[in-house]
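These notes concern the structure reproduced below.
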Amino acid sequence: MAAYGYKECKMMYLRKANERGKVNFGWLKSQHSFSFGHYYDAKHMGFSALRVINDDVVQAGRGFETHGHRDMEIISYVVSGALKHKDNTGNEYVVPAGDVQVMSAGKGIMHSEFNPSTEEPVNFLQIWIVPNEKGGTPSYAQKTFGTQAGGNNHDSKLELLVSDNGREGSLRIRQNAAISRLTLKAGETWEHGTEDQKGYLHMISGNVQAMVDSETNAVEIEAGDALGMYEQDIIRLKASEESVALWFELPK
């Protein structure tokens, strides 16, 4: 498989960071993994129920004015800095790096997101997952998670952040999906099977060598890159340096 460019085959979907949609408004720099806003690419409309991953950098004191959402599970993962959330149900919180925020838009919610710092930018991933049912009462939750893996009972390198039922202290969303943080030290390996679901790996930092199913699919992925896989696949990673990624388990 070519190391750069779009390619989809039976076993792997590869999305390179430098080919994502790009937005630069001065106060906001964003890279879109999937079609969003003015960026449209029919090859990248989402992956399973995963509809949006926007890698946003918002300058100090700036942000998104009040706007509305409905029928979407919206997850914010703060990479660095802090993000201030305010919505029309009375929630007003600052989400620091290490925290994860989940907002179930349900039948409709209005909210704003700002960088409360007067000096430093905030970098966060905004993730949208299509819910398995429409409507319902909007809800909000956030939680501070540890910097080390080990929250997942079945895999010591994974820390479960979001799930469909709130298991293992994770935040709950309305979809048969889960998001975990994968942490690997240099030289460490990780292997995982998708069974009857799809999988999606989004690199936050570091560099890994990835194989799906066979060595012929070996590829290097680094910060901002992503790799999707289908049912009954096995992913094998080896970290070239300390690496952090988000691992999504998604409905088929």
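Residues in the structure tokens are named by chain (A, B, ... in the order shown) and by number from 1 within that chain; ligands are numbered from 1 in the order shown.
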Nearby residues (only C-alpha atoms) at most 8 Å from A:Ser35, same-chain spacing under 2 positions excluded, as a short mmCIF file (atom, residue, chain, number, x, y, z; two decimals) with C-alpha atoms, in the first residue's frame:
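File produced: result32.cif:
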```cif
data_model
loop_
_atom_site.label_atom_id
_atom_site.label_comp_id
_atom_site.auth_asym_id
_atom_site.auth_seq_id
_atom_site.Cartn_x
_atom_site.Cartn_y
_atom_site.Cartn_z
CA GLY A 21 -9.42 19.40 4.41
CA HIS A 32 -11.05 17.95 8.67
CA SER A 33 -10.72 14.19 8.35
CA GLY A 37 -18.59 22.82 6.17
CA TYR A 39 -14.81 21.13 2.59
CA TYR A 40 -16.36 18.33 0.54
CA ASP A 41 -14.81 15.09 -0.67
CA ALA A 42 -17.07 12.23 -1.71
CA HIS A 44 -14.29 10.97 2.82
CA MET A 45 -17.84 11.32 4.14
CA GLY A 46 -17.25 9.40 7.36
CA VAL A 52 -16.55 14.14 11.97
#
```
Cut-off 12 Å: closest stretch 1-59 of chain A/stretch 77-80 of chain A atom pairs per residue, using only C-alpha atoms, as JSON lines:
```
{"residue": "A:Ile53", "atom": "CA", "partner": "A:Tyr77", "partner_atom": "CA", "distance": 10.3}
{"residue": "A:Asn54", "atom": "CA", "partner": "A:Tyr77", "partner_atom": "CA", "distance": 10.4}
{"residue": "A:Asp55", "atom": "CA", "partner": "A:Val79", "partner_atom": "CA", "distance": 9.6}
{"residue": "A:Asp56", "atom": "CA", "partner": "A:Val78", "partner_atom": "CA", "distance": 9.6}
{"residue": "A:Val57", "atom": "CA", "partner": "A:Ser80", "partner_atom": "CA", "distance": 9.4}
{"residue": "A:Val58", "atom": "CA", "partner": "A:Ser80", "partner_atom": "CA", "distance": 10.7}
{"residue": "A:Gln59", "atom": "CA", "partner": "A:Ser80", "partner_atom": "CA", "distance": 12.0}
```
Generate the output file for the selected residues, C-alpha atoms, as a PDB file, in the first residue's frame.
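Result saved to part19.pdb:
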```pdb
ATOM      1  CA  ILE A  53     -13.016  14.446  13.310  1.00  0.00           C
ATOM      2  CA  ASN A  54     -11.933  18.073  13.235  1.00  0.00           C
ATOM      3  CA  ASP A  55      -8.459  18.865  14.560  1.00  0.00           C
ATOM      4  CA  ASP A  56      -8.984  22.442  15.785  1.00  0.00           C
ATOM      5  CA  VAL A  57      -6.491  25.024  17.049  1.00  0.00           C
ATOM      6  CA  VAL A  58      -8.245  28.108  18.481  1.00  0.00           C
ATOM      7  CA  GLN A  59      -6.253  31.199  19.398  1.00  0.00           C
TER       8      GLN A  59
END
```
Using only C-alpha atoms, which protein or nucleic acid residues come within 8 Å of A:Pro251? Drop anything in the same chain fewer than 5 positions from it, and give the result as number ranges by chain. A: 48-49, 176-177, 197-198
Saved selection, atoms kept: C-alpha atoms, as a compact mmCIF listing (two decimals), in the first residue's frame:
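Wrote result.txt, looks like this:
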```
# COMPACT_ATOMS: atom_id res chain seq x y z
CA SER A 48 -19.32 3.79 9.89
CA ALA A 49 -21.14 6.00 12.45
CA ASN A 176 -23.04 1.04 19.81
CA ALA A 177 -19.53 2.48 19.74
CA GLN A 197 -17.35 -4.30 14.33
CA LYS A 198 -15.30 -1.79 12.40
```
I'd like the contact shell of stretch 112-115 of chain A - 10 Å cut-off, only C-alpha atoms, skipping same-chain residues fewer than 5 positions apart - returned as an MDAnalysis selection string. chainID A and resid 57:68 81:88 92:95 120:123
Residue selection dump (N, CA and C atoms) as a CSV table (one decimal), in the first residue's frame:
```
chain,number,residue,atom,x,y,z
A,57,VAL,N,-7.4,24.2,16.2
A,57,VAL,CA,-6.5,25.0,17.0
A,57,VAL,C,-7.1,26.4,17.1
A,58,VAL,N,-7.6,26.8,18.3
A,58,VAL,CA,-8.2,28.1,18.5
A,58,VAL,C,-7.3,29.0,19.3
A,59,GLN,N,-7.1,30.2,18.8
A,59,GLN,CA,-6.3,31.2,19.4
A,59,GLN,C,-6.8,31.7,20.7
A,60,ALA,N,-6.0,32.3,21.5
A,60,ALA,CA,-6.4,32.8,22.8
A,60,ALA,C,-7.5,33.8,22.7
A,61,GLY,N,-8.5,33.6,23.6
A,61,GLY,CA,-9.7,34.5,23.7
A,61,GLY,C,-10.7,34.4,22.6
A,62,ARG,N,-10.5,33.5,21.7
A,62,ARG,CA,-11.4,33.3,20.5
A,62,ARG,C,-12.2,32.0,20.7
A,63,GLY,N,-13.2,31.8,19.8
A,63,GLY,CA,-13.9,30.6,19.8
A,63,GLY,C,-15.2,30.6,18.9
A,64,PHE,N,-16.0,29.6,19.1
A,64,PHE,CA,-17.2,29.4,18.3
A,64,PHE,C,-18.4,30.1,19.1
A,65,GLU,N,-19.0,31.0,18.4
A,65,GLU,CA,-20.2,31.7,19.0
A,65,GLU,C,-21.3,30.7,19.2
A,66,THR,N,-22.4,31.1,19.9
A,66,THR,CA,-23.5,30.2,20.2
A,66,THR,C,-24.1,29.7,18.9
A,67,HIS,N,-24.3,28.4,18.8
A,67,HIS,CA,-24.9,27.7,17.6
A,67,HIS,C,-25.5,26.4,18.0
A,68,GLY,N,-26.3,25.9,17.1
A,68,GLY,CA,-27.2,24.7,17.5
A,68,GLY,C,-26.7,23.4,16.9
A,81,GLY,N,-4.0,22.9,26.2
A,81,GLY,CA,-4.8,24.1,26.5
A,81,GLY,C,-6.1,23.7,27.2
A,82,ALA,N,-7.1,24.6,27.1
A,82,ALA,CA,-8.4,24.4,27.7
A,82,ALA,C,-9.5,24.9,26.9
A,83,LEU,N,-10.7,24.4,27.0
A,83,LEU,CA,-11.8,24.8,26.2
A,83,LEU,C,-13.0,25.1,27.1
A,84,LYS,N,-13.6,26.2,26.9
A,84,LYS,CA,-14.8,26.6,27.8
A,84,LYS,C,-16.1,26.3,27.0
A,85,HIS,N,-16.9,25.5,27.7
A,85,HIS,CA,-18.2,25.1,27.1
A,85,HIS,C,-19.3,25.8,27.8
A,86,LYS,N,-20.3,26.3,27.1
A,86,LYS,CA,-21.5,26.9,27.7
A,86,LYS,C,-22.7,26.5,26.8
A,87,ASP,N,-23.8,26.0,27.4
A,87,ASP,CA,-25.0,25.7,26.6
A,87,ASP,C,-26.3,26.2,27.3
A,88,ASN,N,-27.4,26.1,26.6
A,88,ASN,CA,-28.6,26.6,27.0
A,88,ASN,C,-29.4,25.7,28.0
A,92,GLU,N,-21.9,25.2,32.1
A,92,GLU,CA,-20.9,26.1,31.8
A,92,GLU,C,-19.6,25.6,32.5
A,93,TYR,N,-18.7,25.0,31.7
A,93,TYR,CA,-17.5,24.4,32.3
A,93,TYR,C,-16.3,24.7,31.5
A,94,VAL,N,-15.1,24.6,32.1
A,94,VAL,CA,-13.9,24.6,31.4
A,94,VAL,C,-13.3,23.2,31.3
A,95,VAL,N,-13.0,22.8,30.1
A,95,VAL,CA,-12.5,21.4,29.8
A,95,VAL,C,-11.0,21.5,29.6
A,120,GLU,N,-2.5,31.4,25.5
A,120,GLU,CA,-2.2,30.2,24.8
A,120,GLU,C,-3.3,29.7,24.0
A,121,PRO,N,-3.0,29.1,22.8
A,121,PRO,CA,-4.0,28.4,22.0
A,121,PRO,C,-4.5,27.2,22.7
A,122,VAL,N,-5.7,26.7,22.2
A,122,VAL,CA,-6.2,25.4,22.6
A,122,VAL,C,-6.3,24.5,21.4
A,123,ASN,N,-5.8,23.3,21.5
A,123,ASN,CA,-5.9,22.3,20.5
A,123,ASN,C,-6.8,21.2,20.9
```
Can you check which residues of stretch 59-91 of chain A DSSP gives as strand (DSSP E or B) on the backbone and send them as number ranges by chain? A: 63-69, 73-80, 82-87
Just C-alpha atoms for this one: save the residues we selected as a PDB file, in the first residue's frame.
```pdb
ATOM      1  CA  GLY A  63     -13.948  30.609  19.816  1.00  0.00           C
ATOM      2  CA  PHE A  64     -17.222  29.444  18.322  1.00  0.00           C
ATOM      3  CA  GLU A  65     -20.211  31.687  19.027  1.00  0.00           C
ATOM      4  CA  THR A  66     -23.508  30.166  20.158  1.00  0.00           C
ATOM      5  CA  HIS A  67     -24.852  27.725  17.575  1.00  0.00           C
ATOM      6  CA  GLY A  68     -27.150  24.735  17.504  1.00  0.00           C
ATOM      7  CA  HIS A  69     -26.905  20.962  17.062  1.00  0.00           C
ATOM      8  CA  GLU A  73     -23.149  12.696  19.742  1.00  0.00           C
ATOM      9  CA  ILE A  74     -20.396  15.315  20.034  1.00  0.00           C
ATOM     10  CA  ILE A  75     -17.161  14.443  21.796  1.00  0.00           C
ATOM     11  CA  SER A  76     -14.365  16.931  22.499  1.00  0.00           C
ATOM     12  CA  TYR A  77     -10.896  15.592  23.310  1.00  0.00           C
ATOM     13  CA  VAL A  78      -8.605  18.379  24.526  1.00  0.00           C
ATOM     14  CA  VAL A  79      -5.003  17.786  23.428  1.00  0.00           C
ATOM     15  CA  SER A  80      -3.473  20.957  24.918  1.00  0.00           C
ATOM     16  CA  ALA A  82      -8.358  24.364  27.730  1.00  0.00           C
ATOM     17  CA  LEU A  83     -11.811  24.754  26.193  1.00  0.00           C
ATOM     18  CA  LYS A  84     -14.762  26.591  27.757  1.00  0.00           C
ATOM     19  CA  HIS A  85     -18.201  25.133  27.082  1.00  0.00           C
ATOM     20  CA  LYS A  86     -21.535  26.886  27.694  1.00  0.00           C
ATOM     21  CA  ASP A  87     -24.987  25.689  26.635  1.00  0.00           C
TER      22      ASP A  87
END
```
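Across the model, the gap from atom CA of A:Glu231 to atom CA of A:Val100 is 27.3 Å.
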What separation in Å, quoted to one decimal, exists between atom CA of A:Gly166 and atom CA of A:Gly136?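 Calculated distance between atom CA of A:Gly166 and atom CA of A:Gly136 is 17.8 Å.
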So that I can see what lies close to stretch 188-191 of chain A, please list as a list in words the residues with an atom at most 6 Å from it, counting only C-alpha atoms and leaving out residues fewer than 5 positions away in the same chain. Ile235, Arg236, Leu237, Lys238 and Ala239 of chain A
For A:Arg167: contacts at 12 Å, only C-alpha atoms, fewer than 4 positions along chain excluded, given as a list in words: Gly151, Asn152, Asn153, Glu159, Leu160, Leu161, Val162, Ser163, Leu171, Arg172, Ile173, Ala177, Ala178, Ile179 and Ser180 of chain A
Pull N, CA and C atoms from the residues just selected and write them as an mmCIF file, in the first residue's frame.
```
data_model
loop_
_atom_site.group_PDB
_atom_site.id
_atom_site.type_symbol
_atom_site.label_atom_id
_atom_site.label_comp_id
_atom_site.auth_asym_id
_atom_site.auth_seq_id
_atom_site.Cartn_x
_atom_site.Cartn_y
_atom_site.Cartn_z
ATOM 1 N N GLY A 151 -7.143 1.601 31.910
ATOM 2 C CA GLY A 151 -8.531 1.641 32.330
ATOM 3 C C GLY A 151 -9.375 0.544 31.724
ATOM 4 N N ASN A 152 -8.872 -0.091 30.709
ATOM 5 C CA ASN A 152 -9.627 -1.150 30.052
ATOM 6 C C ASN A 152 -9.203 -2.493 30.631
ATOM 7 N N ASN A 153 -10.169 -3.280 31.086
ATOM 8 C CA ASN A 153 -9.861 -4.540 31.757
ATOM 9 C C ASN A 153 -9.226 -5.568 30.835
ATOM 10 N N GLU A 159 -7.189 2.884 27.445
ATOM 11 C CA GLU A 159 -7.992 3.507 28.496
ATOM 12 C C GLU A 159 -9.339 3.880 27.875
ATOM 13 N N LEU A 160 -10.382 3.241 28.327
ATOM 14 C CA LEU A 160 -11.714 3.477 27.768
ATOM 15 C C LEU A 160 -12.218 4.854 28.183
ATOM 16 N N LEU A 161 -12.613 5.651 27.193
ATOM 17 C CA LEU A 161 -13.081 7.011 27.445
ATOM 18 C C LEU A 161 -14.588 7.149 27.266
ATOM 19 N N VAL A 162 -15.107 6.529 26.212
ATOM 20 C CA VAL A 162 -16.510 6.696 25.819
ATOM 21 C C VAL A 162 -17.057 5.335 25.413
ATOM 22 N N SER A 163 -18.298 5.043 25.795
ATOM 23 C CA SER A 163 -18.917 3.779 25.401
ATOM 24 C C SER A 163 -20.428 3.939 25.341
ATOM 25 N N LEU A 171 -17.575 7.726 29.671
ATOM 26 C CA LEU A 171 -18.719 8.588 29.379
ATOM 27 C C LEU A 171 -19.621 7.905 28.356
ATOM 28 N N ARG A 172 -20.905 8.113 28.499
ATOM 29 C CA ARG A 172 -21.867 7.355 27.697
ATOM 30 C C ARG A 172 -22.326 8.141 26.466
ATOM 31 N N ILE A 173 -22.457 7.434 25.342
ATOM 32 C CA ILE A 173 -23.046 7.999 24.129
ATOM 33 C C ILE A 173 -24.161 7.092 23.632
ATOM 34 N N ALA A 177 -20.887 2.073 20.104
ATOM 35 C CA ALA A 177 -19.530 2.475 19.745
ATOM 36 C C ALA A 177 -18.743 2.750 21.013
ATOM 37 N N ALA A 178 -17.424 2.775 20.874
ATOM 38 C CA ALA A 178 -16.552 3.089 22.007
ATOM 39 C C ALA A 178 -15.325 3.823 21.495
ATOM 40 N N ILE A 179 -14.773 4.674 22.359
ATOM 41 C CA ILE A 179 -13.526 5.369 22.063
ATOM 42 C C ILE A 179 -12.575 5.120 23.224
ATOM 43 N N SER A 180 -11.372 4.677 22.902
ATOM 44 C CA SER A 180 -10.336 4.463 23.914
ATOM 45 C C SER A 180 -9.086 5.227 23.521
#
```
Given the choices A:Lys134, A:Ser104, A:Tyr140, A:Ile204, which gets closest to A:Gly90 if the distance is worked out from only C-alpha atoms?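 Distance minimum relative to A:Gly90 lands on A:Tyr140.
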For A:Tyr230, please output as a VMD selection string all residues within 10 Å (counting only C-alpha atoms; exclusion window: fewer than 4 positions along the same chain). chain A and resid 9 to 13 48 193 to 200 212 234 250 to 252
Just-selected residues, N, CA and C atoms written as a tab-separated table (two decimals), in the first residue's frame:
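And here is the file that came out, selection34.tsv:
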```
chain	number	residue	atom	x	y	z
A	9	CYS	N	-9.25	-0.59	0.54
A	9	CYS	CA	-9.30	-1.94	0.03
A	9	CYS	C	-10.12	-2.76	1.00
A	10	LYS	N	-10.11	-4.05	0.86
A	10	LYS	CA	-10.91	-4.88	1.73
A	10	LYS	C	-10.52	-4.73	3.18
A	11	MET	N	-9.23	-4.52	3.44
A	11	MET	CA	-8.74	-4.59	4.80
A	11	MET	C	-8.39	-3.25	5.44
A	12	MET	N	-8.22	-2.18	4.68
A	12	MET	CA	-7.71	-0.95	5.27
A	12	MET	C	-8.21	0.29	4.55
A	13	TYR	N	-8.53	1.30	5.35
A	13	TYR	CA	-8.84	2.64	4.86
A	13	TYR	C	-7.77	3.56	5.45
A	48	SER	N	-18.28	4.36	9.04
A	48	SER	CA	-19.32	3.79	9.89
A	48	SER	C	-20.12	4.95	10.50
A	193	GLY	N	-8.18	-7.22	17.41
A	193	GLY	CA	-9.10	-7.69	16.37
A	193	GLY	C	-10.42	-6.94	16.42
A	194	THR	N	-11.05	-6.78	15.27
A	194	THR	CA	-12.31	-6.04	15.21
A	194	THR	C	-13.53	-6.93	15.39
A	195	GLU	N	-13.40	-8.22	15.21
A	195	GLU	CA	-14.52	-9.16	15.35
A	195	GLU	C	-15.69	-8.71	14.47
A	196	ASP	N	-16.85	-8.41	15.06
A	196	ASP	CA	-18.02	-8.07	14.24
A	196	ASP	C	-18.27	-6.57	14.16
A	197	GLN	N	-17.24	-5.75	14.44
A	197	GLN	CA	-17.35	-4.30	14.33
A	197	GLN	C	-16.28	-3.76	13.39
A	198	LYS	N	-16.36	-2.48	13.11
A	198	LYS	CA	-15.30	-1.79	12.40
A	198	LYS	C	-14.39	-1.10	13.41
A	199	GLY	N	-13.17	-0.79	12.99
A	199	GLY	CA	-12.24	-0.09	13.86
A	199	GLY	C	-11.63	1.10	13.15
A	200	TYR	N	-11.26	2.11	13.92
A	200	TYR	CA	-10.66	3.32	13.35
A	200	TYR	C	-9.62	3.84	14.32
A	212	VAL	N	-2.31	-4.43	8.85
A	212	VAL	CA	-3.65	-4.98	8.97
A	212	VAL	C	-3.70	-6.26	8.16
A	234	ILE	N	-7.45	-7.85	11.86
A	234	ILE	CA	-6.54	-7.72	12.99
A	234	ILE	C	-5.54	-6.62	12.68
A	250	LEU	N	-16.61	0.70	16.17
A	250	LEU	CA	-17.76	1.27	15.49
A	250	LEU	C	-18.68	0.19	14.94
A	251	PRO	N	-19.96	0.48	14.83
A	251	PRO	CA	-20.88	-0.52	14.27
A	251	PRO	C	-20.58	-0.79	12.81
A	252	LYS	N	-20.85	-2.03	12.39
A	252	LYS	CA	-20.59	-2.39	11.00
A	252	LYS	C	-21.65	-1.84	10.07
```
Separation of atom CA of A:Thr144 and atom CA of A:Asp99, in Å?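 Pair atom CA of A:Thr144 / atom CA of A:Asp99 returns 4.3 Å.
The residue that comes closest to A:Leu158, out of A:Ser170, A:Ser205, A:Ser240, A:Thr183 and on the basis of only C-alpha atoms, is A:Thr183.
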Among listed residues A:Gly146, A:Glu220, A:His38, A:Pro96, nearest A:Ser117 (using only C-alpha atoms): A:Pro96
